[in-house]
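Visitor: To be precise about what I am sending: the file is called work.txt and holds compact mmCIF, C-alpha atoms.
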# COMPACT_ATOMS: atom_id res chain seq x y z
CA MET A 1 12.09 -6.21 -39.86
CA GLU A 2 9.15 -4.59 -38.08
CA PRO A 3 10.32 -2.16 -35.37
CA VAL A 4 9.77 -3.18 -31.77
CA SER A 5 7.79 0.03 -31.24
CA ASP A 6 5.29 -0.91 -33.96
CA ILE A 7 4.82 -4.38 -32.43
CA LEU A 8 4.21 -2.87 -29.01
CA LEU A 9 1.75 -0.31 -30.35
CA SER A 10 -0.19 -3.00 -32.21
CA TRP A 11 -0.29 -5.10 -29.04
CA PHE A 12 -1.43 -2.06 -27.04
CA ALA A 13 -4.29 -1.38 -29.45
CA ARG A 14 -5.57 -4.92 -28.75
CA GLU A 15 -4.61 -5.49 -25.12
CA GLY A 16 -4.09 -2.09 -23.48
CA ARG A 17 -6.13 -1.25 -20.39
CA ASP A 18 -8.98 1.24 -20.61
CA LEU A 19 -8.24 3.64 -17.76
CA PRO A 20 -9.85 7.04 -17.08
CA TRP A 21 -6.59 9.01 -17.27
CA ARG A 22 -6.09 7.62 -20.78
CA ARG A 23 -9.26 9.32 -21.96
CA THR A 24 -7.90 12.80 -21.36
CA ARG A 25 -4.95 15.05 -22.20
CA ASP A 26 -5.50 17.13 -19.06
CA PRO A 27 -1.99 17.42 -17.56
CA TYR A 28 -3.36 17.69 -14.02
CA ARG A 29 -5.21 14.38 -14.23
CA ILE A 30 -2.38 12.56 -15.96
CA TRP A 31 0.14 13.89 -13.44
CA LEU A 32 -2.19 12.90 -10.58
CA SER A 33 -2.51 9.36 -11.94
CA GLU A 34 1.25 8.99 -12.26
CA VAL A 35 1.86 10.14 -8.68
CA ILE A 36 -0.83 7.81 -7.31
CA LEU A 37 0.44 4.83 -9.30
CA GLN A 38 3.99 5.07 -7.98
CA GLN A 39 4.37 2.02 -5.68
CA THR A 40 0.63 1.34 -6.09
CA ARG A 41 -1.22 -1.34 -8.06
CA VAL A 42 -3.55 0.00 -10.76
CA ALA A 43 -6.62 -1.65 -9.20
CA GLN A 44 -5.99 0.13 -5.90
CA GLY A 45 -4.80 3.37 -7.50
CA LEU A 46 -7.93 3.67 -9.64
CA GLU A 47 -10.13 4.02 -6.55
CA TYR A 48 -7.94 6.80 -5.18
CA TYR A 49 -7.77 8.55 -8.55
CA LEU A 50 -11.56 8.65 -8.78
CA ARG A 51 -11.88 9.95 -5.22
CA PHE A 52 -9.24 12.62 -5.76
CA THR A 53 -10.71 13.87 -9.03
CA GLU A 54 -14.19 13.98 -7.51
CA ARG A 55 -12.99 16.01 -4.52
CA PHE A 56 -10.32 18.00 -6.40
CA PRO A 57 -11.50 18.27 -10.04
CA ASP A 58 -8.66 20.63 -10.98
CA ILE A 59 -5.31 21.75 -9.72
CA ALA A 60 -6.75 24.91 -8.14
CA ALA A 61 -9.04 22.83 -5.93
CA LEU A 62 -6.14 20.63 -4.82
CA ALA A 63 -3.93 23.64 -4.09
CA ALA A 64 -6.65 25.31 -2.00
CA ALA A 65 -7.25 22.25 0.20
CA PRO A 66 -5.74 21.94 3.69
CA GLU A 67 -2.89 19.44 3.86
CA ASP A 68 -4.77 17.37 6.45
CA GLU A 69 -7.60 16.81 3.98
CA VAL A 70 -5.19 15.69 1.26
CA LEU A 71 -3.46 13.29 3.66
CA LYS A 72 -6.78 11.89 4.84
CA LEU A 73 -7.88 11.22 1.26
CA TRP A 74 -4.49 9.57 0.63
CA GLN A 75 -4.79 7.33 3.72
CA GLY A 76 -4.00 3.71 2.89
CA LEU A 77 -1.73 4.38 -0.09
CA GLY A 78 1.42 4.73 1.99
CA TYR A 79 4.52 6.75 1.06
CA TYR A 80 2.81 9.89 2.37
CA SER A 81 5.59 12.12 1.08
CA ARG A 82 3.96 11.62 -2.32
CA ALA A 83 0.78 13.27 -1.06
CA ARG A 84 2.64 16.15 0.58
CA ASN A 85 4.68 16.75 -2.57
CA LEU A 86 1.54 16.51 -4.72
CA HIS A 87 -0.07 19.22 -2.62
CA ALA A 88 3.07 21.39 -2.60
CA ALA A 89 3.44 21.05 -6.37
CA ALA A 90 -0.19 22.06 -6.93
CA ARG A 91 0.38 25.20 -4.87
CA GLN A 92 3.55 25.91 -6.82
CA VAL A 93 1.68 25.61 -10.12
CA MET A 94 -0.81 28.16 -8.83
CA SER A 95 1.84 30.59 -7.55
CA ARG A 96 4.51 30.24 -10.26
CA PHE A 97 2.51 29.36 -13.35
CA GLY A 98 -0.80 31.08 -12.72
CA GLY A 99 -2.64 27.79 -12.36
CA VAL A 100 -1.52 26.50 -15.78
CA PHE A 101 0.38 23.21 -15.60
CA PRO A 102 3.92 23.73 -17.02
CA ALA A 103 4.58 22.44 -20.52
CA THR A 104 8.33 21.76 -20.61
CA TYR A 105 10.20 18.78 -19.22
CA GLY A 106 12.49 21.00 -17.12
CA GLU A 107 9.62 22.90 -15.51
CA VAL A 108 7.66 19.74 -14.78
CA ARG A 109 10.77 17.99 -13.45
CA ALA A 110 11.39 20.90 -11.05
CA LEU A 111 8.03 20.51 -9.30
CA PRO A 112 8.17 19.00 -5.78
CA GLY A 113 8.21 15.21 -5.84
CA VAL A 114 8.50 14.93 -9.63
CA GLY A 115 11.33 12.70 -10.82
CA ASP A 116 12.61 11.69 -14.25
CA TYR A 117 9.94 9.05 -14.76
CA THR A 118 6.94 11.22 -13.86
CA ALA A 119 8.21 14.18 -15.89
CA ALA A 120 8.79 11.95 -18.93
CA ALA A 121 5.38 10.31 -18.60
CA VAL A 122 3.45 13.58 -18.28
CA CYS A 123 5.37 15.44 -20.97
CA SER A 124 5.20 12.59 -23.50
CA ILE A 125 1.52 11.82 -22.95
CA VAL A 126 0.29 15.41 -22.75
CA TYR A 127 2.72 17.34 -24.94
CA ASP A 128 4.16 14.59 -27.21
CA ALA A 129 7.64 15.34 -25.88
CA PRO A 130 10.15 12.67 -27.05
CA CYS A 131 10.94 11.45 -23.52
CA ALA A 132 11.20 7.73 -22.81
CA VAL A 133 9.89 6.49 -19.47
CA LEU A 134 11.71 4.05 -17.23
CA ASP A 135 9.70 2.26 -14.57
CA GLY A 136 9.83 -1.29 -13.25
CA ASN A 137 7.82 -2.61 -16.19
CA VAL A 138 10.06 -0.95 -18.78
CA TYR A 139 13.24 -2.15 -17.07
CA ARG A 140 11.89 -5.70 -17.16
CA VAL A 141 10.82 -5.63 -20.82
CA LEU A 142 14.13 -4.17 -22.00
CA ALA A 143 16.27 -6.40 -19.77
CA ARG A 144 14.59 -9.51 -21.19
CA LEU A 145 14.30 -8.35 -24.77
CA PHE A 146 18.03 -7.58 -24.94
CA ASP A 147 19.15 -10.04 -22.23
CA ILE A 148 20.94 -7.39 -20.19
CA GLY A 149 22.70 -8.57 -17.03
CA ILE A 150 23.75 -5.15 -15.72
CA PRO A 151 21.98 -4.50 -12.36
CA ILE A 152 19.24 -1.92 -12.80
CA ASP A 153 19.87 -0.39 -9.37
CA THR A 154 23.40 0.81 -10.20
CA THR A 155 24.56 4.02 -11.84
CA ALA A 156 25.86 2.12 -14.87
CA GLY A 157 22.63 0.16 -15.14
CA LYS A 158 20.41 3.21 -14.96
CA ARG A 159 22.48 4.95 -17.62
CA THR A 160 22.45 1.90 -19.91
CA PHE A 161 18.71 1.41 -19.66
CA ALA A 162 17.96 5.12 -20.04
CA GLU A 163 19.92 5.18 -23.31
CA LEU A 164 18.29 1.97 -24.54
CA ALA A 165 14.79 3.17 -23.65
CA GLN A 166 15.36 6.38 -25.58
CA LEU A 167 16.61 4.44 -28.62
CA GLN A 168 13.46 2.29 -28.66
CA LEU A 169 11.09 5.24 -28.30
CA ASP A 170 8.69 5.97 -31.16
CA THR A 171 9.29 9.71 -31.34
CA SER A 172 6.23 10.27 -33.54
CA ARG A 173 3.94 8.80 -30.86
CA PRO A 174 5.97 8.98 -27.63
CA GLY A 175 3.06 9.11 -25.19
CA LEU A 176 1.26 6.20 -26.79
CA TYR A 177 4.48 4.18 -27.00
CA ASN A 178 5.34 4.82 -23.34
CA GLN A 179 1.91 3.63 -22.25
CA ALA A 180 2.23 0.60 -24.52
CA ILE A 181 5.55 -0.62 -23.13
CA MET A 182 4.42 -0.06 -19.53
CA ASP A 183 1.22 -2.03 -20.10
CA PHE A 184 3.20 -4.72 -21.92
CA GLY A 185 5.35 -5.18 -18.82
CA ALA A 186 2.34 -5.16 -16.53
CA LEU A 187 0.20 -7.61 -18.52
CA GLN A 188 2.41 -9.66 -20.87
CA CYS A 189 6.03 -9.56 -19.69
CA THR A 190 5.12 -9.96 -16.02
CA PRO A 191 7.60 -10.53 -13.17
CA ALA A 192 6.36 -14.07 -12.52
CA GLN A 193 4.97 -16.42 -15.16
CA PRO A 194 5.33 -14.08 -18.16
CA ARG A 195 3.20 -14.98 -21.15
CA CYS A 196 6.10 -15.96 -23.39
CA GLY A 197 3.97 -18.48 -25.31
CA ASP A 198 1.83 -15.82 -26.97
CA CYS A 199 4.30 -12.92 -26.81
CA PRO A 200 4.58 -10.92 -30.05
CA LEU A 201 8.23 -10.23 -29.22
CA ALA A 202 9.14 -13.87 -28.48
CA GLY A 203 10.97 -14.32 -31.78
CA ARG A 204 13.45 -11.57 -30.95
CA CYS A 205 13.64 -11.88 -27.15
CA LEU A 206 17.27 -12.68 -26.34
CA ALA A 207 16.51 -13.73 -22.76
CA LEU A 208 13.92 -16.24 -23.98
CA ALA A 209 16.48 -17.68 -26.38
CA ALA A 210 19.13 -17.84 -23.66
CA GLY A 211 16.81 -19.21 -20.98
CA THR A 212 17.41 -16.22 -18.68
CA VAL A 213 13.90 -14.73 -18.57
CA GLY A 214 13.51 -15.70 -14.91
CA VAL A 215 16.65 -13.82 -13.84
CA ARG A 216 16.05 -10.60 -15.77
CA PRO A 217 16.24 -7.84 -14.73
CA VAL A 218 19.15 -8.13 -12.31
CA LYS A 219 19.21 -6.18 -9.06
CA GLN A 220 22.37 -5.59 -7.07
CA GLY A 221 20.65 -6.07 -3.74
CA ARG A 222 18.06 -4.72 -1.37
CA ALA A 223 18.74 -2.49 1.59
CA LYS A 224 18.66 -4.26 4.93
CA VAL A 225 15.29 -4.25 6.64
CA ARG A 226 15.29 -2.54 10.03
CA ASP A 227 13.08 -3.88 12.83
CA ARG A 228 11.28 -1.36 15.06
CA TRP A 229 9.04 -1.96 18.08
CA PHE A 230 6.11 0.45 18.45
CA ASN A 231 4.09 0.45 21.66
CA TYR A 232 0.96 2.57 21.22
CA LEU A 233 -1.09 3.82 24.14
CA HIS A 234 -4.70 4.09 22.97
CA VAL A 235 -5.89 6.28 25.82
CA THR A 236 -9.44 7.56 26.27
CA CYS A 237 -11.03 9.74 28.89
CA GLY A 238 -14.73 10.46 28.66
CA GLY A 239 -15.41 11.30 25.05
CA GLN A 240 -11.80 12.21 24.22
CA THR A 241 -8.94 10.16 22.74
CA LEU A 242 -5.28 11.11 23.03
CA LEU A 243 -3.98 11.87 19.53
CA HIS A 244 -1.23 14.07 18.15
CA ARG A 245 0.41 14.87 14.84
CA ARG A 246 3.75 13.28 14.00
CA GLY A 247 6.64 15.60 13.29
CA GLY A 248 9.21 15.38 10.52
CA GLY A 249 12.36 13.34 10.18
CA ASP A 250 10.72 9.91 10.27
CA ILE A 251 7.98 7.85 8.67
CA TRP A 252 4.38 9.14 8.46
CA GLN A 253 5.29 12.80 8.72
CA GLY A 254 2.18 14.90 9.29
CA LEU A 255 -0.12 11.97 10.10
CA TYR A 256 -1.85 11.51 13.45
CA GLU A 257 -1.16 8.81 16.02
CA PHE A 258 -1.70 7.76 19.63
CA PRO A 259 1.06 8.37 22.20
CA LEU A 260 3.96 6.14 21.17
CA ILE A 261 6.74 4.56 23.14
CA GLU A 262 9.34 2.99 20.87
CA THR A 263 11.59 0.32 22.37
CA ASP A 264 14.63 -1.49 21.00
CA LYS A 265 12.95 -4.89 21.43
CA ALA A 266 9.58 -6.37 22.32
CA ALA A 267 8.32 -5.11 25.70
CA ASP A 268 5.40 -6.28 27.81
CA PHE A 269 3.01 -3.82 29.43
CA ALA A 270 4.65 -3.99 32.85
CA GLU A 271 7.96 -2.92 31.31
CA LEU A 272 6.27 -0.03 29.50
CA ALA A 273 4.44 1.11 32.61
CA ALA A 274 7.82 1.40 34.36
CA THR A 275 9.28 3.77 31.77
CA ALA A 276 9.66 7.50 32.30
CA ALA A 277 7.66 8.18 29.12
CA PHE A 278 4.67 6.24 30.45
CA ARG A 279 4.83 7.89 33.87
CA GLU A 280 5.13 11.32 32.26
CA LEU A 281 2.01 10.68 30.18
CA LEU A 282 -0.27 9.14 32.78
CA GLY A 283 1.35 10.49 35.93
CA ASN A 284 -0.20 9.42 39.18
CA GLY A 285 -3.75 9.46 37.82
CA ARG A 286 -6.04 6.47 37.90
CA TRP A 287 -6.19 4.39 34.77
CA HIS A 288 -7.35 0.97 33.69
CA LEU A 289 -5.81 -1.29 31.02
CA ARG A 290 -8.66 -2.82 29.07
CA ARG A 291 -6.74 -4.82 26.51
CA SER A 292 -3.41 -5.23 24.71
CA VAL A 293 -3.47 -6.07 21.01
CA THR A 294 -0.43 -7.35 19.11
CA MET A 295 -0.71 -6.54 15.43
CA PRO A 296 0.86 -8.55 12.58
CA GLY A 297 4.20 -7.22 11.37
CA HIS A 298 3.70 -4.06 9.30
CA GLN A 299 6.14 -3.99 6.37
CA LEU A 300 7.39 -0.68 5.00
CA SER A 301 9.98 -0.37 2.26
CA HIS A 302 13.01 -0.90 4.52
CA GLN A 303 11.40 -1.26 7.93
CA LEU A 304 9.37 -3.93 9.68
CA LEU A 305 7.19 -2.52 12.44
CA HIS A 306 6.19 -4.72 15.38
CA ALA A 307 3.28 -2.91 16.98
CA VAL A 308 1.29 -3.45 20.16
CA PHE A 309 -1.72 -1.31 21.08
CA HIS A 310 -2.59 -0.92 24.76
CA ARG A 311 -6.18 0.22 25.27
CA ILE A 312 -6.32 2.37 28.41
CA GLU A 313 -9.13 4.29 30.09
CA CYS A 314 -8.31 7.19 32.40
CA ASP A 315 -10.34 8.93 35.09
CA ALA A 316 -8.75 12.31 34.30
CA MET A 317 -7.46 13.72 31.01
CA PRO A 318 -3.63 13.52 30.74
CA ALA A 319 -1.67 16.55 29.58
CA PHE A 320 -1.45 15.42 25.96
CA PRO A 321 -3.24 16.57 22.77
CA SER A 322 -6.62 14.93 22.31
CA VAL A 323 -9.57 14.83 19.93
CA GLU A 324 -13.20 13.88 20.24
CA THR A 325 -13.41 10.10 20.00
CA ALA A 326 -16.39 10.37 17.66
CA ALA A 327 -14.30 12.44 15.23
CA LEU A 328 -11.30 10.09 15.21
CA GLY A 329 -12.13 8.74 11.75
CA GLY A 330 -11.75 12.19 10.24
CA TYR A 331 -8.02 12.37 10.91
CA ALA A 332 -5.31 11.12 8.57
CA LEU A 333 -3.90 8.06 10.30
CA PRO A 334 -1.14 5.62 9.32
CA ARG A 335 -2.54 2.45 7.78
CA LEU A 336 -1.29 0.47 10.78
CA ILE A 337 -3.46 2.47 13.21
CA ASP A 338 -6.42 2.48 10.84
CA ARG A 339 -6.26 -1.33 10.63
CA TYR A 340 -6.14 -1.62 14.39
CA LEU A 341 -9.16 0.66 14.83
CA THR A 342 -11.11 -1.11 12.11
CA LYS A 343 -10.60 -4.52 13.69
CA TYR A 344 -10.38 -3.80 17.41
CA GLN A 345 -12.24 -0.54 18.09
CA MET A 346 -14.00 -0.88 21.43
Kindly present the structure from the file in structure tokens form.
Guide:
Amino acid sequence: MEPVSDILLSWFAREGRDLPWRRTRDPYRIWLSEVILQQTRVAQGLEYYLRFTERFPDIAALAAAPEDEVLKLWQGLGYYSRARNLHAAARQVMSRFGGVFPATYGEVRALPGVGDYTAAAVCSIVYDAPCAVLDGNVYRVLARLFDIGIPIDTTAGKRTFAELAQLQLDTSRPGLYNQAIMDFGALQCTPAQPRCGDCPLAGRCLALAAGTVGVRPVKQGRAKVRDRWFNYLHVTCGGQTLLHRRGGGDIWQGLYEFPLIETDKAADFAELAATAAFRELLGNGRWHLRRSVTMPGHQLSHQLLHAVFHRIECDAMPAFPSVETAALGGYALPRLIDRYLTKYQM
């Protein structure tokens, strides 16, 4: 019987996507693509990859850049810790490895932000290391092919699938095989409406035979979504706009935002204006509320943000960090604020 790996590689030769990071063995560019594509669709990630490689053609250029510039270029991708870790890892490659990307799984895995999947992908594609990858696509293909009901988000499930993925790996062509099975999950064995009718693995797919394709893979459960209410004060005075950098310990670390008052439920402007935080910001100065804008719910991985922007003009500059209004677009902003400015800038 023809090995599964051979079937996948034949399929990949016909159906695999032509992507720029597949035309190189440069570890920097392959690593960059893998970091960008985490929690990002390929169509969106491709645009960012091209922008990053144009601005930072090698790891030295990325390491030398200010963090603010990296975050600004990343704006819109979300999960900004990926960008900060990418930057930190580039600097570590320069300081620890003399600018040469490490060549062993252990060294790659030890870089900031690099997990098992990214290390396996980079090392197999660049160095032909016999490391199987496990991402959402691979979990789905294996769960259906072998009709596995163990939840993939449990310790036992992760161990089971890691062992199975390694057993299926074509160790003579590990990088090519890993790309093949990931593309197979993305294009053929899709989450919804998989192409079972023309699937080259249909004859040996246990889930197809059992009628369980629609319920594979199994997940134990999602974390509860937390609701948060953000009340932004978009304050201008002359040619300045109040803006400061977020600290650590919460979402959007290192990005810039307007003064924020977070409440435990929806609050109207009169309620906000009565808070100590509002009075501390605007004091007894004269100000004028131009408009309040309620944005659609902004979904993060385990948080749903309910945001309202209050556009305020002041006669005197409050004691709060500010930037030139004309330069606002040059700062790395959360996608929520960028969307507000794009649609409602006045």
Visitor: Neighbouring residues of Arg17 (chain A) were defined as those with any atom within 9 Å, considering all atoms listed in the file; residues of the same chain fewer than 5 positions away were excluded. Please report them as an NGL selection string.
Guide: :A and (12 or 22 or 183)
Visitor: Ranking A:Ala143, A:Ala119, A:Cys199, A:Val308 by minimum distance to Gly157 (chain A) and counting all atoms listed in the file, which one comes first?
Guide: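 Counting all atoms listed in the file, the residue closest to Gly157 (chain A) is A:Ala143.
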Visitor: From the list A:Ala319, A:Arg84, A:Gly45, A:Ala13, which residue is nearest Gly248 (chain A) when using all atoms listed in the file?
Guide: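 Among the listed residues, the smallest separation from Gly248 (chain A) belongs to A:Arg84.
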Visitor: Please provide the set of residues having any atom within 7 Å of Cys205 (chain A), restricted to only C-alpha atoms, with same-chain residues fewer than 2 positions apart removed, written as a ChimeraX atom specification.
Guide: /A:144-146,201-203,207-209
Visitor: Report, in Å with one decimal, the straight-line distance from CA of Glu34 (chain A) to CA of Gln303 (chain A).
Guide: 24.8 Å
Visitor: How many Å lie between CA of Arg140 (chain A) and CA of Arg216 (chain A), rounded to one decimal?
Guide: 6.6 Å
Visitor: Which of these, A:Asn85, A:Asn137, A:Thr53, A:Thr24, has the shortest distance to Met182 (chain A) once you count all atoms listed in the file?
Guide: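 Closest candidate: A:Asn137.
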Visitor: Of the candidates A:Leu336, A:Leu111, A:Ala210, A:Leu86, which shows the shortest atom-to-atom distance to Gly149 (chain A), using only C-alpha atoms?
Guide: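 Closest candidate: A:Ala210.
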Visitor: Could you tell me which of A:Phe278, A:Trp74, A:Phe56, A:Tyr80 comes closest to Gln253 (chain A) if we count only C-alpha atoms?
Guide: A:Tyr80
Visitor: Just give me the gap between CA of Leu341 (chain A) and CA of Gly329 (chain A) in Å, one decimal is fine.
Guide: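 Separation of CA of Leu341 (chain A) and CA of Gly329 (chain A): 9.1 Å.
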Visitor: When you write region 38-54 of chain A out from the block above, keep N, CA and C atoms and present the result as a PDB file, in the first residue's frame, please.
Guide:
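Dumped to selection-v7.pdb:
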ATOM      1  N   GLN A  38       1.203  32.575  12.204  1.00  0.00           N
ATOM      2  CA  GLN A  38       0.518  32.089  13.396  1.00  0.00           C
ATOM      3  C   GLN A  38      -0.717  32.957  13.625  1.00  0.00           C
ATOM      4  N   GLN A  39      -1.872  32.350  13.711  1.00  0.00           N
ATOM      5  CA  GLN A  39      -3.152  33.052  13.909  1.00  0.00           C
ATOM      6  C   GLN A  39      -3.438  34.080  12.805  1.00  0.00           C
ATOM      7  N   THR A  40      -2.905  33.845  11.607  1.00  0.00           N
ATOM      8  CA  THR A  40      -3.098  34.771  10.489  1.00  0.00           C
ATOM      9  C   THR A  40      -3.370  33.973   9.217  1.00  0.00           C
ATOM     10  N   ARG A  41      -4.370  34.394   8.449  1.00  0.00           N
ATOM     11  CA  ARG A  41      -4.631  33.754   7.160  1.00  0.00           C
ATOM     12  C   ARG A  41      -3.492  34.050   6.187  1.00  0.00           C
ATOM     13  N   VAL A  42      -3.217  33.109   5.285  1.00  0.00           N
ATOM     14  CA  VAL A  42      -2.112  33.271   4.345  1.00  0.00           C
ATOM     15  C   VAL A  42      -2.289  34.523   3.492  1.00  0.00           C
ATOM     16  N   ALA A  43      -3.506  34.787   3.027  1.00  0.00           N
ATOM     17  CA  ALA A  43      -3.740  35.950   2.165  1.00  0.00           C
ATOM     18  C   ALA A  43      -3.353  37.243   2.869  1.00  0.00           C
ATOM     19  N   GLN A  44      -3.679  37.347   4.153  1.00  0.00           N
ATOM     20  CA  GLN A  44      -3.323  38.539   4.913  1.00  0.00           C
ATOM     21  C   GLN A  44      -1.839  38.520   5.266  1.00  0.00           C
ATOM     22  N   GLY A  45      -1.341  37.360   5.667  1.00  0.00           N
ATOM     23  CA  GLY A  45       0.054  37.252   6.073  1.00  0.00           C
ATOM     24  C   GLY A  45       1.030  37.555   4.954  1.00  0.00           C
ATOM     25  N   LEU A  46       0.646  37.217   3.726  1.00  0.00           N
ATOM     26  CA  LEU A  46       1.529  37.456   2.578  1.00  0.00           C
ATOM     27  C   LEU A  46       1.861  38.939   2.444  1.00  0.00           C
ATOM     28  N   GLU A  47       0.862  39.798   2.619  1.00  0.00           N
ATOM     29  CA  GLU A  47       1.102  41.237   2.505  1.00  0.00           C
ATOM     30  C   GLU A  47       2.110  41.702   3.555  1.00  0.00           C
ATOM     31  N   TYR A  48       1.968  41.210   4.776  1.00  0.00           N
ATOM     32  CA  TYR A  48       2.888  41.602   5.841  1.00  0.00           C
ATOM     33  C   TYR A  48       4.288  41.042   5.587  1.00  0.00           C
ATOM     34  N   TYR A  49       4.356  39.816   5.114  1.00  0.00           N
ATOM     35  CA  TYR A  49       5.657  39.210   4.811  1.00  0.00           C
ATOM     36  C   TYR A  49       6.408  40.059   3.783  1.00  0.00           C
ATOM     37  N   LEU A  50       5.733  40.467   2.746  1.00  0.00           N
ATOM     38  CA  LEU A  50       6.379  41.260   1.699  1.00  0.00           C
ATOM     39  C   LEU A  50       6.821  42.619   2.238  1.00  0.00           C
ATOM     40  N   ARG A  51       6.000  43.227   3.091  1.00  0.00           N
ATOM     41  CA  ARG A  51       6.382  44.518   3.668  1.00  0.00           C
ATOM     42  C   ARG A  51       7.579  44.372   4.603  1.00  0.00           C
ATOM     43  N   PHE A  52       7.555  43.308   5.413  1.00  0.00           N
ATOM     44  CA  PHE A  52       8.666  43.091   6.351  1.00  0.00           C
ATOM     45  C   PHE A  52       9.967  42.819   5.609  1.00  0.00           C
ATOM     46  N   THR A  53       9.925  41.964   4.606  1.00  0.00           N
ATOM     47  CA  THR A  53      11.170  41.635   3.904  1.00  0.00           C
ATOM     48  C   THR A  53      11.682  42.799   3.069  1.00  0.00           C
ATOM     49  N   GLU A  54      10.786  43.684   2.655  1.00  0.00           N
ATOM     50  CA  GLU A  54      11.246  44.882   1.937  1.00  0.00           C
ATOM     51  C   GLU A  54      11.937  45.838   2.898  1.00  0.00           C
TER      52      GLU A  54
END
